[in-house]
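What's in structure_9.cif: mmCIF, C-alpha atoms
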```cif
data_start
#
loop_
_atom_site.group_PDB
_atom_site.id
_atom_site.type_symbol
_atom_site.label_atom_id
_atom_site.label_comp_id
_atom_site.auth_asym_id
_atom_site.auth_seq_id
_atom_site.Cartn_x
_atom_site.Cartn_y
_atom_site.Cartn_z
ATOM 1 C CA MET H 716 24.723 -84.857 4.601
ATOM 2 C CA ALA H 717 23.243 -81.585 5.817
ATOM 3 C CA PHE H 718 21.543 -81.407 9.196
ATOM 4 C CA ASN H 719 17.929 -80.493 8.487
ATOM 5 C CA SER H 720 16.540 -78.745 11.558
ATOM 6 C CA ALA H 721 13.751 -76.332 12.486
ATOM 7 C CA VAL H 722 13.243 -73.787 15.247
ATOM 8 C CA ILE H 723 9.656 -72.956 16.193
ATOM 9 C CA THR H 724 8.749 -69.356 17.034
ATOM 10 C CA PHE H 725 5.663 -68.417 19.045
ATOM 11 C CA PRO H 726 4.543 -64.879 19.831
ATOM 12 C CA GLY H 727 6.720 -64.104 22.861
ATOM 13 C CA SER H 728 9.531 -66.551 22.094
ATOM 14 C CA ASN H 729 12.839 -64.796 22.739
ATOM 15 C CA CYS H 730 15.469 -67.527 22.532
ATOM 16 C CA ASP H 731 14.557 -68.662 19.034
ATOM 17 C CA ARG H 732 17.345 -66.692 17.403
ATOM 18 C CA ASP H 733 19.942 -67.954 19.905
ATOM 19 C CA MET H 734 18.747 -71.493 19.208
ATOM 20 C CA ALA H 735 18.972 -70.970 15.445
ATOM 21 C CA VAL H 736 22.489 -69.515 15.748
ATOM 22 C CA ALA H 737 23.597 -72.421 17.949
ATOM 23 C CA LEU H 738 22.224 -75.013 15.531
ATOM 24 C CA GLU H 739 23.926 -73.302 12.597
ATOM 25 C CA LYS H 740 27.268 -72.875 14.430
ATOM 26 C CA VAL H 741 27.430 -76.495 15.483
ATOM 27 C CA SER H 742 25.900 -78.189 12.425
ATOM 28 C CA GLY H 743 27.040 -75.810 9.694
ATOM 29 C CA THR H 744 23.495 -75.569 8.305
ATOM 30 C CA ALA H 745 20.983 -72.869 9.158
ATOM 31 C CA PRO H 746 17.717 -74.260 10.546
ATOM 32 C CA HIS H 747 14.304 -73.571 9.077
ATOM 33 C CA ARG H 748 12.393 -70.940 11.048
ATOM 34 C CA VAL H 749 8.783 -72.000 11.589
ATOM 35 C CA TRP H 750 5.954 -69.758 12.830
ATOM 36 C CA HIS H 751 3.373 -70.916 15.384
ATOM 37 C CA GLY H 752 0.456 -70.397 13.025
ATOM 38 C CA ASP H 753 1.882 -72.740 10.391
ATOM 39 C CA SER H 754 0.261 -76.122 10.428
ATOM 40 C CA ASP H 755 2.991 -78.014 8.570
ATOM 41 C CA LEU H 756 6.672 -78.547 9.254
ATOM 42 C CA PRO H 757 9.290 -78.619 6.480
ATOM 43 C CA ALA H 758 9.716 -82.128 5.050
ATOM 44 C CA GLY H 759 12.408 -84.537 6.196
ATOM 45 C CA LEU H 760 13.438 -82.820 9.430
ATOM 46 C CA ASP H 761 16.264 -84.345 11.496
ATOM 47 C CA PHE H 762 15.659 -82.167 14.539
ATOM 48 C CA ILE H 763 13.055 -79.755 15.941
ATOM 49 C CA ALA H 764 13.836 -77.161 18.623
ATOM 50 C CA VAL H 765 11.148 -75.515 20.755
ATOM 51 C CA PRO H 766 12.921 -72.467 22.186
ATOM 52 C CA GLY H 767 12.687 -70.456 25.369
ATOM 53 C CA GLY H 768 10.802 -67.255 26.002
ATOM 54 C CA PHE H 769 7.361 -66.262 27.182
ATOM 55 C CA SER H 770 5.082 -67.751 24.547
ATOM 56 C CA TYR H 771 1.695 -66.008 24.523
ATOM 57 C CA GLY H 772 2.833 -63.927 27.484
ATOM 58 C CA ASP H 773 2.741 -67.011 29.748
ATOM 59 C CA TYR H 774 -1.047 -66.526 29.797
ATOM 60 C CA LEU H 775 -3.057 -69.263 31.544
ATOM 61 C CA ARG H 776 0.027 -71.378 32.388
ATOM 62 C CA CYS H 777 3.545 -71.220 30.944
ATOM 63 C CA GLY H 778 3.495 -73.046 27.617
ATOM 64 C CA ALA H 779 -0.215 -73.878 27.801
ATOM 65 C CA ILE H 780 -1.459 -71.805 24.872
ATOM 66 C CA ALA H 781 1.588 -72.567 22.713
ATOM 67 C CA SER H 782 1.082 -76.284 23.226
ATOM 68 C CA ARG H 783 -2.381 -75.959 21.641
ATOM 69 C CA SER H 784 -1.163 -73.900 18.641
ATOM 70 C CA PRO H 785 -1.425 -75.287 15.088
ATOM 71 C CA ILE H 786 2.308 -75.959 14.670
ATOM 72 C CA MET H 787 2.504 -77.938 17.903
ATOM 73 C CA GLN H 788 0.039 -80.470 16.511
ATOM 74 C CA ALA H 789 2.561 -81.057 13.716
ATOM 75 C CA VAL H 790 5.447 -81.202 16.231
ATOM 76 C CA ILE H 791 3.547 -83.765 18.332
ATOM 77 C CA ALA H 792 2.891 -85.874 15.230
ATOM 78 C CA ALA H 793 6.575 -85.665 14.205
ATOM 79 C CA ALA H 794 7.731 -86.574 17.730
ATOM 80 C CA GLU H 795 5.435 -89.580 17.709
ATOM 81 C CA LYS H 796 7.097 -90.697 14.470
ATOM 82 C CA GLY H 797 10.507 -90.467 16.157
ATOM 83 C CA VAL H 798 11.808 -87.083 15.007
ATOM 84 C CA PRO H 799 14.072 -85.688 17.761
ATOM 85 C CA VAL H 800 12.530 -82.727 19.595
ATOM 86 C CA LEU H 801 14.419 -80.501 22.042
ATOM 87 C CA GLY H 802 12.488 -78.118 24.284
ATOM 88 C CA VAL H 803 14.472 -75.572 26.282
ATOM 89 C CA CYS H 804 13.025 -73.511 29.136
ATOM 90 C CA ASN H 805 9.641 -72.303 27.872
ATOM 91 C CA GLY H 806 10.054 -75.024 25.241
ATOM 92 C CA PHE H 807 10.215 -77.602 28.058
ATOM 93 C CA GLN H 808 7.023 -76.117 29.505
ATOM 94 C CA VAL H 809 5.386 -76.360 26.063
ATOM 95 C CA LEU H 810 6.397 -80.041 25.787
ATOM 96 C CA THR H 811 4.989 -80.960 29.209
ATOM 97 C CA GLU H 812 1.784 -79.030 28.485
ATOM 98 C CA SER H 813 1.462 -80.843 25.149
ATOM 99 C CA GLY H 814 1.758 -84.216 26.854
ATOM 100 C CA LEU H 815 4.978 -85.167 25.019
ATOM 101 C CA LEU H 816 6.798 -85.208 28.360
ATOM 102 C CA PRO H 817 5.479 -86.175 31.801
ATOM 103 C CA GLY H 818 5.173 -83.796 34.738
ATOM 104 C CA ALA H 819 4.788 -80.042 34.956
ATOM 105 C CA LEU H 820 6.902 -76.983 35.721
ATOM 106 C CA LEU H 821 5.708 -75.060 38.765
ATOM 107 C CA ARG H 822 6.705 -71.637 40.069
ATOM 108 C CA ASN H 823 10.252 -71.712 41.510
ATOM 109 C CA ALA H 824 10.141 -72.757 45.158
ATOM 110 C CA GLY H 825 11.919 -69.546 46.192
ATOM 111 C CA LEU H 826 9.480 -67.484 44.075
ATOM 112 C CA ASN H 827 12.375 -65.587 42.497
ATOM 113 C CA PHE H 828 13.233 -65.509 38.819
ATOM 114 C CA VAL H 829 16.558 -67.359 38.722
ATOM 115 C CA CYS H 830 19.047 -66.123 36.126
ATOM 116 C CA ARG H 831 22.582 -67.468 36.461
ATOM 117 C CA GLU H 832 24.953 -70.187 35.344
ATOM 118 C CA VAL H 833 24.420 -73.447 37.215
ATOM 119 C CA GLY H 834 26.155 -76.778 37.512
ATOM 120 C CA LEU H 835 24.332 -79.614 35.788
ATOM 121 C CA GLU H 836 25.096 -83.270 36.260
ATOM 122 C CA VAL H 837 24.747 -85.380 33.123
ATOM 123 C CA VAL H 838 22.763 -88.318 34.484
ATOM 124 C CA ASN H 839 22.196 -90.227 31.241
ATOM 125 C CA ALA H 840 25.062 -89.878 28.751
ATOM 126 C CA GLN H 841 23.688 -92.457 26.355
ATOM 127 C CA SER H 842 20.765 -90.531 24.948
ATOM 128 C CA LEU H 843 20.566 -88.994 21.514
ATOM 129 C CA PHE H 844 21.090 -85.567 23.120
ATOM 130 C CA THR H 845 23.842 -86.367 25.630
ATOM 131 C CA SER H 846 26.220 -88.916 24.077
ATOM 132 C CA ALA H 847 29.022 -86.351 23.747
ATOM 133 C CA TYR H 848 29.112 -86.041 27.544
ATOM 134 C CA GLU H 849 30.280 -88.495 30.201
ATOM 135 C CA ALA H 850 27.823 -89.869 32.761
ATOM 136 C CA GLY H 851 28.316 -88.006 36.026
ATOM 137 C CA GLN H 852 30.083 -85.110 34.301
ATOM 138 C CA VAL H 853 29.116 -81.699 35.684
ATOM 139 C CA VAL H 854 28.692 -79.020 33.018
ATOM 140 C CA ARG H 855 28.045 -75.307 33.431
ATOM 141 C CA ILE H 856 24.954 -74.026 31.615
ATOM 142 C CA PRO H 857 22.902 -70.854 32.207
ATOM 143 C CA VAL H 858 19.342 -70.922 33.517
ATOM 144 C CA ALA H 859 16.821 -68.073 33.302
ATOM 145 C CA HIS H 860 13.343 -68.947 34.492
ATOM 146 C CA HIS H 861 10.554 -68.269 36.930
ATOM 147 C CA ASP H 862 8.703 -71.543 36.540
ATOM 148 C CA GLY H 863 11.287 -74.307 36.454
ATOM 149 C CA ASN H 864 10.309 -76.288 39.521
ATOM 150 C CA TYR H 865 9.819 -79.760 38.050
ATOM 151 C CA PHE H 866 6.885 -81.689 39.471
ATOM 152 C CA ALA H 867 5.597 -85.188 38.852
ATOM 153 C CA ASP H 868 3.951 -87.707 41.145
ATOM 154 C CA GLU H 869 6.176 -90.174 43.003
ATOM 155 C CA ASP H 870 5.365 -93.090 40.689
ATOM 156 C CA THR H 871 6.318 -91.026 37.641
ATOM 157 C CA LEU H 872 9.551 -89.825 39.273
ATOM 158 C CA ASN H 873 10.484 -93.400 40.165
ATOM 159 C CA ARG H 874 9.731 -94.525 36.622
ATOM 160 C CA LEU H 875 11.780 -91.691 35.086
ATOM 161 C CA GLU H 876 14.769 -92.510 37.263
ATOM 162 C CA GLY H 877 14.402 -96.260 36.770
ATOM 163 C CA GLU H 878 14.227 -95.945 32.990
ATOM 164 C CA GLY H 879 17.203 -93.596 32.685
ATOM 165 C CA ARG H 880 14.948 -90.778 31.541
ATOM 166 C CA VAL H 881 16.456 -88.131 33.810
ATOM 167 C CA ALA H 882 18.973 -86.580 31.398
ATOM 168 C CA PHE H 883 20.217 -83.774 33.642
ATOM 169 C CA ARG H 884 20.065 -82.993 37.343
ATOM 170 C CA TYR H 885 20.982 -79.725 39.044
ATOM 171 C CA ALA H 886 24.288 -80.053 40.904
ATOM 172 C CA GLU H 887 23.132 -77.259 43.238
ATOM 173 C CA GLU H 888 19.818 -75.937 44.577
ATOM 174 C CA VAL H 889 18.151 -73.876 41.846
ATOM 175 C CA ASN H 890 14.364 -73.942 41.901
ATOM 176 C CA GLY H 891 13.045 -76.691 44.160
ATOM 177 C CA SER H 892 12.637 -79.275 41.383
ATOM 178 C CA ALA H 893 11.619 -82.757 42.479
ATOM 179 C CA ARG H 894 14.790 -84.849 42.799
ATOM 180 C CA ALA H 895 16.712 -81.867 41.360
ATOM 181 C CA ILE H 896 15.544 -82.830 37.867
ATOM 182 C CA ALA H 897 16.639 -80.331 35.199
ATOM 183 C CA GLY H 898 15.890 -82.309 32.048
ATOM 184 C CA VAL H 899 13.792 -85.357 31.139
ATOM 185 C CA LEU H 900 13.449 -87.653 28.146
ATOM 186 C CA ASN H 901 10.285 -89.214 26.773
ATOM 187 C CA ASP H 902 9.750 -92.949 26.752
ATOM 188 C CA ALA H 903 11.260 -93.418 23.279
ATOM 189 C CA GLY H 904 14.227 -91.132 24.021
ATOM 190 C CA ASN H 905 13.647 -88.798 21.063
ATOM 191 C CA VAL H 906 12.160 -85.902 23.058
ATOM 192 C CA LEU H 907 14.195 -83.956 25.633
ATOM 193 C CA GLY H 908 12.920 -81.078 27.738
ATOM 194 C CA MET H 909 15.274 -79.071 29.935
ATOM 195 C CA MET H 910 15.156 -75.766 31.782
ATOM 196 C CA PRO H 911 18.836 -74.766 31.306
ATOM 197 C CA HIS H 912 19.876 -73.116 28.035
ATOM 198 C CA PRO H 913 22.576 -75.095 26.168
ATOM 199 C CA GLU H 914 22.238 -72.664 23.228
ATOM 200 C CA ARG H 915 23.647 -69.937 25.504
ATOM 201 C CA ALA H 916 26.906 -71.835 26.073
ATOM 202 C CA ILE H 917 28.206 -72.425 22.556
ATOM 203 C CA GLU H 918 31.145 -70.049 22.156
ATOM 204 C CA ALA H 919 33.949 -68.917 24.460
ATOM 205 C CA THR H 920 32.530 -65.392 24.394
ATOM 206 C CA HIS H 921 29.371 -66.752 26.070
ATOM 207 C CA GLY H 922 31.516 -67.600 29.071
ATOM 208 C CA GLY H 923 31.609 -71.303 28.320
ATOM 209 C CA THR H 924 31.031 -73.911 25.642
ATOM 210 C CA ASP H 925 29.508 -76.720 27.707
ATOM 211 C CA GLY H 926 26.259 -76.496 25.736
ATOM 212 C CA ARG H 927 27.865 -77.550 22.463
ATOM 213 C CA GLY H 928 27.932 -81.188 23.533
ATOM 214 C CA LEU H 929 24.164 -81.407 23.386
ATOM 215 C CA PHE H 930 23.995 -80.254 19.780
ATOM 216 C CA GLU H 931 27.080 -82.276 18.847
ATOM 217 C CA SER H 932 25.448 -85.382 20.320
ATOM 218 C CA ALA H 933 22.309 -84.910 18.258
ATOM 219 C CA ILE H 934 24.157 -84.075 15.046
ATOM 220 C CA ARG H 935 26.580 -86.981 15.435
ATOM 221 C CA GLY H 936 23.709 -89.334 16.192
ATOM 222 C CA LEU H 937 21.656 -88.219 13.231
ATOM 223 C CA VAL H 938 24.002 -87.469 10.364
ATOM 224 C CA GLY H 939 27.229 -89.118 11.479
ATOM 225 C CA ALA H 940 30.413 -87.492 12.688
ATOM 226 C CA MET V 203 -25.349 -69.702 30.319
ATOM 227 C CA LYS V 204 -22.815 -68.449 32.833
ATOM 228 C CA VAL V 205 -20.369 -70.989 34.125
ATOM 229 C CA ARG V 206 -17.631 -70.611 36.685
ATOM 230 C CA VAL V 207 -14.668 -72.948 36.561
ATOM 231 C CA HIS V 208 -12.608 -73.122 39.721
ATOM 232 C CA VAL V 209 -9.090 -74.482 39.184
ATOM 233 C CA SER V 210 -6.950 -75.385 42.184
ATOM 234 C CA LEU V 211 -3.681 -77.191 42.754
ATOM 235 C CA LYS V 212 -4.043 -80.831 43.720
ATOM 236 C CA PRO V 213 -3.360 -81.641 47.365
ATOM 237 C CA GLY V 214 0.333 -82.330 47.829
ATOM 238 C CA VAL V 215 1.470 -80.043 44.999
ATOM 239 C CA LEU V 216 3.712 -77.369 46.456
ATOM 240 C CA ASP V 217 2.184 -73.893 46.172
ATOM 241 C CA PRO V 218 4.938 -71.309 46.697
ATOM 242 C CA GLN V 219 2.542 -68.478 45.821
ATOM 243 C CA GLY V 220 0.035 -69.615 48.426
ATOM 244 C CA ARG V 221 2.852 -69.810 50.929
ATOM 245 C CA ALA V 222 3.988 -66.261 50.138
ATOM 246 C CA ILE V 223 0.415 -64.984 50.505
ATOM 247 C CA HIS V 224 0.189 -66.817 53.812
ATOM 248 C CA HIS V 225 3.380 -65.124 55.038
ATOM 249 C CA SER V 226 2.069 -61.774 53.903
ATOM 250 C CA LEU V 227 -1.222 -62.242 55.774
ATOM 251 C CA GLU V 228 0.738 -63.088 58.896
ATOM 252 C CA GLY V 229 2.890 -60.013 58.303
ATOM 253 C CA LEU V 230 -0.279 -57.908 58.303
ATOM 254 C CA GLY V 231 -1.071 -59.265 61.744
ATOM 255 C CA PHE V 232 -3.837 -61.754 60.823
ATOM 256 C CA SER V 233 -3.532 -64.701 63.158
ATOM 257 C CA GLY V 234 -5.067 -68.147 62.893
ATOM 258 C CA VAL V 235 -4.502 -68.569 59.152
ATOM 259 C CA ASN V 236 -3.500 -72.211 58.883
ATOM 260 C CA ASP V 237 -2.831 -72.468 55.173
ATOM 261 C CA VAL V 238 -3.344 -70.635 51.878
ATOM 262 C CA ARG V 239 -3.658 -72.246 48.459
ATOM 263 C CA ALA V 240 -3.848 -70.016 45.382
ATOM 264 C CA GLY V 241 -6.064 -70.984 42.453
ATOM 265 C CA ARG V 242 -7.819 -69.555 39.433
ATOM 266 C CA LEU V 243 -11.384 -68.666 38.591
ATOM 267 C CA PHE V 244 -12.663 -68.604 35.001
ATOM 268 C CA GLU V 245 -16.029 -67.065 34.181
ATOM 269 C CA LEU V 246 -17.407 -68.447 30.937
ATOM 270 C CA ASP V 247 -20.454 -67.309 29.015
ATOM 271 C CA VAL V 248 -21.450 -70.266 26.848
ATOM 272 C CA ALA V 249 -24.403 -71.219 24.643
ATOM 273 C CA GLU V 250 -27.347 -72.751 26.531
ATOM 274 C CA SER V 251 -26.877 -75.892 24.461
ATOM 275 C CA THR V 252 -23.351 -76.482 25.794
ATOM 276 C CA THR V 253 -23.233 -79.958 27.274
ATOM 277 C CA ASP V 254 -21.607 -80.994 30.540
ATOM 278 C CA GLU V 255 -19.296 -83.205 28.496
ATOM 279 C CA ALA V 256 -18.146 -80.205 26.450
ATOM 280 C CA LEU V 257 -17.483 -78.203 29.627
ATOM 281 C CA ASP V 258 -15.511 -81.099 31.069
ATOM 282 C CA ASP V 259 -13.540 -81.322 27.839
ATOM 283 C CA MET V 260 -12.703 -77.593 27.965
ATOM 284 C CA CYS V 261 -11.358 -78.016 31.482
ATOM 285 C CA ARG V 262 -9.314 -81.090 30.709
ATOM 286 C CA LYS V 263 -7.923 -79.852 27.405
ATOM 287 C CA LEU V 264 -7.050 -76.310 28.395
ATOM 288 C CA LEU V 265 -8.328 -74.632 31.553
ATOM 289 C CA ALA V 266 -6.698 -77.079 33.964
ATOM 290 C CA ASN V 267 -3.436 -79.011 33.754
ATOM 291 C CA MET V 268 -4.559 -82.382 35.051
ATOM 292 C CA VAL V 269 -1.003 -83.260 36.131
ATOM 293 C CA ILE V 270 -1.075 -80.656 38.872
ATOM 294 C CA GLU V 271 -4.589 -79.208 39.065
ATOM 295 C CA ASN V 272 -8.193 -80.121 39.831
ATOM 296 C CA TYR V 273 -11.214 -78.252 38.545
ATOM 297 C CA ARG V 274 -14.787 -77.721 39.626
ATOM 298 C CA ILE V 275 -17.554 -76.505 37.333
ATOM 299 C CA GLU V 276 -20.285 -74.313 38.792
ATOM 300 C CA LYS V 277 -23.287 -73.253 36.741
ATOM 301 C CA VAL V 278 -24.459 -69.801 37.754
ATOM 302 C CA ALA V 279 -28.206 -69.072 37.772
ATOM 303 C CA ALA V 280 -29.063 -66.160 35.492
#
```
How does the structure come out when it is put into C-alpha cells?
Amino acid sequence: MAFNSAVITFPGSNCDRDMAVALEKVSGTAPHRVWHGDSDLPAGLDFIAVPGGFSYGDYLRCGAIASRSPIMQAVIAAAEKGVPVLGVCNGFQVLTESGLLPGALLRNAGLNFVCREVGLEVVNAQSLFTSAYEAGQVVRIPVAHHDGNYFADEDTLNRLEGEGRVAFRYAEEVNGSARAIAGVLNDAGNVLGMMPHPERAIEATHGGTDGRGLFESAIRGLVGA
Amino acid sequence: MKVRVHVSLKPGVLDPQGRAIHHSLEGLGFSGVNDVRAGRLFELDVAESTTDEALDDMCRKLLANMVIENYRIEKVAA
C-alpha cells in the first residue's frame, strides 16, 4: 500500500523540497505538493508535513501568518480527525501558532541563529513518529533556526512531561528552550512539532542518517512494514 | 478611527532582545536602566463602526500570541 503524503509550501518555505525528497526516499512514493492558497488537501492522506523556512518572511511572528492561511485550516481539520502532521522548524512554529501544539517558540536565548548538528535525546520512543528509535537514544540531527527557544507555562510543561508528550530533548545547550524541549506531541499523539531537521539526515552524504527513523516510524505505523 | 495596539511579552517570558538592548544602552554609558522589554506597536485605521469586540478579536486571533503576549488597545482621538 502506497504511503499517501503531502508537503505544504508557503511563500518563503525553503525546506519543502528536502522534506519531499526525504518522504519519497524513505517511503518510495513521492508526496503531493500543496500550495498555501489551496483550501483543500488531497483525499485520503496518511501524513502531512509542514516544512521549515521563513513563511511570509517571518512577518508579525514566525509562523503566525502561515498558520492563518487557507491550507492551514484544512490541515487543522485533518489533524483533528487524526491524520498525522509533522511540523519541522518553521513548521513547528506554524503548528504552535495554529493552536495544534501548546507553547510558543521565542528568539534563541543567545540571540544567535544556530546552525549546526546537535545531539537529541529520544524521550518518547513509543509515538507514531519515534517508534523506530529507542527511549534514551541520542541521535544527531541538524538544527538551523533563530527562534527555537521553546516556551510554555510551568503547568503546561509539567503536563507535557507527565503525559509523555516531550518527544525529543536537546542533549546539549542549543537555544535556551524550557526543559531543553526540542519536539512536542499533541494530546492525541498524531501531531509532532520539532525544531531539528530530520529530513536533512536521511542519506550518508548528508553526514548522517539519524533522521530516517522518524519517517520509518511513521511509515511503519501507517502502512505496515 | 485610529487605533493603536500595544503588544508586549507577558511578565516572566524571557526577552533576549530586551536584554540585548539593555546591554547596549549600558554600553553607551546610560546608567540606572533597570530593565528593558521589547514589544510591538500596531497602528490601525478602522471603520468608525468597528466594535470593541471586533478589535479584541483581531488582537486575540492575530496581532498577539496569547501564549506569550499581552495586548492593550488605545483609541486615538482624531
Taking the file as shown, find all residues satisfying the PyMOL selection byres ((chain H) within 7 of (chain V)) and write them as JSON, numbers by chain.
-> {"H": [818, 819, 822, 824, 826]}
Distance query 9 Å from (23.1, -75.5, 39.7) using only C-alpha atoms, result as a list in words = Arg831, Glu832, Val833, Gly834, Leu835, Glu836, Arg855, Ile856, Pro857, Val858, Arg884, Tyr885, Ala886, Glu887, Glu888 and Val889 of chain H
Atomic separation - atom CA of Leu937 of chain H relative to atom CA of Thr924 of chain H, Å =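 A separation of 21.1 Å between them.
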Work out how far apart atom CA of Met910 of chain H and atom CA of His861 of chain H are and give it in Å to one decimal.
->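 Separating atom CA of Met910 of chain H from atom CA of His861 of chain H is a distance of 10.2 Å.
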Residue with smallest distance to Asp902 of chain H - pool H:Pro817, H:Gly851, H:Gly936, H:Gly926, counting all atoms listed in the file =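 Looking at the shortest contact to Asp902 of chain H, the residue is H:Pro817.
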Mind checking which residues fall within 8 Å of segment 928-933 of chain H, counting only C-alpha atoms, ignoring those fewer than 3 positions away in the same chain, and posting them as a ChimeraX atom specification?
-> /H:738,741-742,843-848,913,925,936-937
Pick out the residues sitting within 12 Å of Ser251 of chain V, and hand them over as a PyMOL selection string; count all atoms listed in the file, and ignore anything fewer than 4 positions along from it in its own chain.
-> chain V and resi 203-204+247+255-257
Once you count only C-alpha atoms, which residues end up no further than 10 Å from (-7.6, -81.0, 44.7) in the file's frame, shown as a list of chain:residue names?
->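 Counting only C-alpha atoms, I find these residues within 10 Å of (-7.6, -81.0, 44.7): V:Val209, V:Ser210, V:Leu211, V:Lys212, V:Pro213, V:Gly214, V:Val215, V:Ile270, V:Glu271, V:Asn272, V:Tyr273, V:Arg274.
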Output file for the selection above: C-alpha atoms, as an mmCIF file, in the frame of the given file:
```
data_model
loop_
_atom_site.group_PDB
_atom_site.id
_atom_site.type_symbol
_atom_site.label_atom_id
_atom_site.label_comp_id
_atom_site.auth_asym_id
_atom_site.auth_seq_id
_atom_site.Cartn_x
_atom_site.Cartn_y
_atom_site.Cartn_z
ATOM 1 C CA VAL V 209 -9.090 -74.482 39.184
ATOM 2 C CA SER V 210 -6.950 -75.385 42.184
ATOM 3 C CA LEU V 211 -3.681 -77.191 42.754
ATOM 4 C CA LYS V 212 -4.043 -80.831 43.720
ATOM 5 C CA PRO V 213 -3.360 -81.641 47.365
ATOM 6 C CA GLY V 214 0.333 -82.330 47.829
ATOM 7 C CA VAL V 215 1.470 -80.043 44.999
ATOM 8 C CA ILE V 270 -1.075 -80.656 38.872
ATOM 9 C CA GLU V 271 -4.589 -79.208 39.065
ATOM 10 C CA ASN V 272 -8.193 -80.121 39.831
ATOM 11 C CA TYR V 273 -11.214 -78.252 38.545
ATOM 12 C CA ARG V 274 -14.787 -77.721 39.626
#
```
Would you mind telling me which residue in H:Leu875, H:Ala717, H:Leu907, H:Val803 lies nearest to Asp731 of chain H when using only C-alpha atoms?
->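 Of H:Leu875, H:Ala717, H:Leu907, H:Val803, the one nearest Asp731 of chain H is H:Val803, counting only C-alpha atoms.
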Using only C-alpha atoms, which of the listed residues (H:Pro799, H:Pro911, H:Pro757, H:Gly806) sits closest to Cys830 of chain H?
->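 Checking each of H:Pro799, H:Pro911, H:Pro757, H:Gly806 against Cys830 of chain H, counting only C-alpha atoms, the winner is H:Pro911.
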Measuring atom to atom with all atoms listed in the file, identify which of H:Ala840, H:Ala882, H:Val829, H:Leu821 is nearest to Ala859 of chain H.
-> H:Val829
Interatomic distance (Å, one decimal) between atom CA of Ile763 of chain H and atom CA of Leu810 of chain H = 11.9 Å
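Among H:Arg935, H:Arg783, H:Arg748, H:His921, the residue with the shortest atom-to-atom distance to Arg732 of chain H, counting all atoms listed in the file, is H:Arg748.
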Tell me which of V:Leu230, V:Val235, V:Val248, V:Ala240 sits closest to Val278 of chain V, counting all atoms listed in the file.
-> V:Val248
Given the file above and the PyMOL selection byres ((chain H and resi 726) around 7), which residues are selected, and can you give them as an MDAnalysis selection string?
-> chainID H and resid 724:725 727:728 770:771
From the block I gave, I'd like segment 769-773 of chain H written with all heavy atoms, as a compact mmCIF listing (two decimals), in the first residue's frame.
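Saved result, decode13.txt, follows:
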```txt
# COMPACT_ATOMS: atom_id res chain seq x y z
N PHE H 769 10.99 30.30 6.05
CA PHE H 769 10.67 31.62 6.60
C PHE H 769 9.34 32.05 6.02
O PHE H 769 9.26 33.00 5.25
CB PHE H 769 11.78 32.63 6.28
CG PHE H 769 13.11 32.23 6.83
CD1 PHE H 769 13.95 31.38 6.13
CD2 PHE H 769 13.51 32.69 8.08
CE1 PHE H 769 15.17 30.99 6.66
CE2 PHE H 769 14.73 32.31 8.61
CZ PHE H 769 15.56 31.46 7.91
N SER H 770 8.28 31.28 6.33
CA SER H 770 6.99 31.54 5.71
C SER H 770 6.58 33.00 5.91
O SER H 770 6.70 33.54 7.01
CB SER H 770 5.92 30.61 6.27
OG SER H 770 5.81 30.75 7.67
N TYR H 771 6.14 33.60 4.81
CA TYR H 771 5.72 35.02 4.82
C TYR H 771 6.80 35.91 5.44
O TYR H 771 6.50 36.89 6.14
CB TYR H 771 4.39 35.20 5.56
CG TYR H 771 3.26 34.43 4.92
CD1 TYR H 771 3.01 33.12 5.28
CD2 TYR H 771 2.46 35.01 3.93
CE1 TYR H 771 1.99 32.38 4.67
CE2 TYR H 771 1.44 34.29 3.33
CZ TYR H 771 1.22 32.99 3.71
OH TYR H 771 0.22 32.26 3.12
N GLY H 772 8.06 35.55 5.20
CA GLY H 772 9.15 36.40 5.66
C GLY H 772 9.24 36.51 7.17
O GLY H 772 9.88 37.44 7.69
N ASP H 773 8.62 35.58 7.91
CA ASP H 773 8.58 35.67 9.38
C ASP H 773 7.90 36.96 9.85
O ASP H 773 8.11 37.40 10.98
CB ASP H 773 9.99 35.59 10.01
CG ASP H 773 10.50 34.15 10.13
OD1 ASP H 773 9.72 33.22 9.93
OD2 ASP H 773 11.70 33.99 10.43
```
